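*Asks:* Before anything else, here's the structure in question.
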Amino acid sequence: MLKIRAYVIVLAAKFFGGMSLLLLGVFLLLGPIRGIDLGLSTVRALGFDGVLCLMFFVQHSGMVRKSFQRQLETIIPGYYHGAIYAIASGVVLLGLLLFWQPTNLTLVSAHAPLRWLLRGCYFGGILGFVWGVHSLGSFDGFGTRPITAAIHGKTLKAPPFTIRGPYRWVRHPLYAFTIVLLWSYPDLTADRLLLNVMWTIWIFIGAHLEERDLVSIFGESYRAYQRQVPMLLPLRLPLRN
C-alpha cells in the first residue's frame with residue numbers, strides 16, 4: 001500500500017505540475033484560455049484576477065518556507081514534500097488559468113516589426129528557461145526523486161553548490177526568463193498588465209525570500225556568489241568558472 005500511495009503521488013505531481021506549466025506557457029503566448037466566464041465587469045474582473053494571483057503567491061511561496069515544511073513533516077514524511085508542493089502548485093495554477101477573467105480593454109497593441117520582436121523574445125525566453133533547467137543538472141521540478149529513492153531504500157545526497165550556464169550571469173535565471181515571458185505578449189490588455197505587474201513584483205519578493213534559504217544552506221559560498229553575480233538583471237560580465 002505504501003508503494004501504491006507513493007506512485008500515485010508521483011503520477012499526480014507530474015500530471016498537475018506538467019499540465020499547469022504547459023497551460024501557463026500557452027497562456028503567456030496566446031493570452032487567456034477563456035475557460036470559465038463569470039460575466040464580470042472590467043473592474044470586478046481585475047479584482048477577481050488579483051485575488052487569483054494572491055492565492056497563487058501565498059501557496060507557492062508559503063509552502064517552500066522552512067517553518068511550513070517543519071509543520072508538514074509532523075504529518076507527512078519529508079520525502080513527500082516536493083511532490084505535495086508540485087501538486088498543490090499545479091492545482092492552484094490551473095485554477096488561476098481556468099478562472100482568469102479577461103478584459104476587453106486593450107491599453108497597447110504592438111505592430112510589426114515590434115510585434116515579431118516580442119514574439120521572438122517569448123521563444124528566446126523559453127530557450128533560456130530550458131538552458132537554466134539543464135544547467136542545474138539534478139533539477140527535480142516535480143519533487144518526485146526523493147520518493148522513488150525512498151521506495152528503493154536509498155538516500156539522496158544534497159546537490160553541491162555549482163555555478164553553470166546562465167547562473168554565471170544572474171543568480172535566478174529561471175525567474176529572469178519568466179519576466180521575459182510575461183512582458184513579451186504584444187497586446188497589453190488591462191488584465192494582462194495586472195498579471196505582469198503582480199507577477200514581476202512577486203518574483204522579486206520570492207527571489208529575496210529564496211536567497212535567505214540558500215544562504216542558510218550553503219553559507220559563505222552563497223554569500224560570495226551574491227557579491228559577484230546580480231540577482232535578476234545581467235548587469236555585469238558573467239562569472240568566470
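Each chain of the C-alpha cells is named A, B, ... in the order shown, its residues numbered from 1; ligands are numbered from 1 in display order.
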Could you pull the residues within 9 Å of A:Leu97, counting only C-alpha atoms, minus those fewer than 4 positions along the same chain, as an NGL selection string?
*Replies:* :A and (20 or 23-24 or 27 or 32-35 or 52 or 92-93 or 101)
*Asks:* Name the residues of stretch 58-90 of chain A that come out as alpha helix (DSSP H) in a backbone DSSP run; write them as a list in words.
*Replies:*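 Selection result, alpha helix (DSSP H) within stretch 58-90 of chain A: Val58, Gln59, His60, Ser61, Gly62, Lys66, Ser67, Phe68, Gln69, Arg70, Gln71, Leu72, His81, Gly82, Ala83, Ile84, Tyr85, Ala86, Ile87, Ala88, Ser89 and Gly90 of chain A.
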*Asks:* Using only C-alpha atoms, which protein or nucleic acid residues come within 12 Å of A:Leu30? Drop anything in the same chain fewer than 4 positions from it, and give the result as a PyMOL selection string.
*Replies:* chain A and resi 23-26+34+119+122+181-182+184-188+192
*Asks:* Please determine, counting only C-alpha atoms, which residue among A:Phe177, A:Phe204, A:Tyr222, A:Phe99 has the shortest atom-to-atom distance to A:Leu46.
*Replies:*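 For A:Leu46, the nearest of the given residues is A:Phe99.
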*Asks:* Given the choices A:Thr42, A:Ala83, A:Met19, A:Ile36, which gets closest to A:Pro146 if the distance is worked out from only C-alpha atoms?
*Replies:*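 Between A:Thr42, A:Ala83, A:Met19, A:Ile36, the residue approaching A:Pro146 most closely is A:Ala83.
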*Asks:* Distance atom CA of A:Tyr175-atom CA of A:Ala207, one decimal place?
*Replies:*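 Rounded to one decimal, the two atoms are 7.9 Å apart.
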*Asks:* Go through A:Ile75, A:Met198, A:Val180, A:Leu174 one by one, measure the shortest atom-to-atom distance of each to A:Val130 using only C-alpha atoms, and give the residue with the smallest value.
*Replies:*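 Of A:Ile75, A:Met198, A:Val180, A:Leu174, the one nearest A:Val130, counting only C-alpha atoms, is A:Leu174.
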*Asks:* I'd like the contact shell of A:Val91 - 9 Å cut-off, only C-alpha atoms, skipping same-chain residues fewer than 4 positions apart - returned as a PyMOL selection string.
*Replies:* chain A and resi 16-17+20+86-87+95-96
*Asks:* Separation of atom CA of A:Leu72 and atom CA of A:Val51, in Å?
*Replies:*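 Spanning atom CA of A:Leu72 to atom CA of A:Val51 is a straight-line distance of 25.2 Å.
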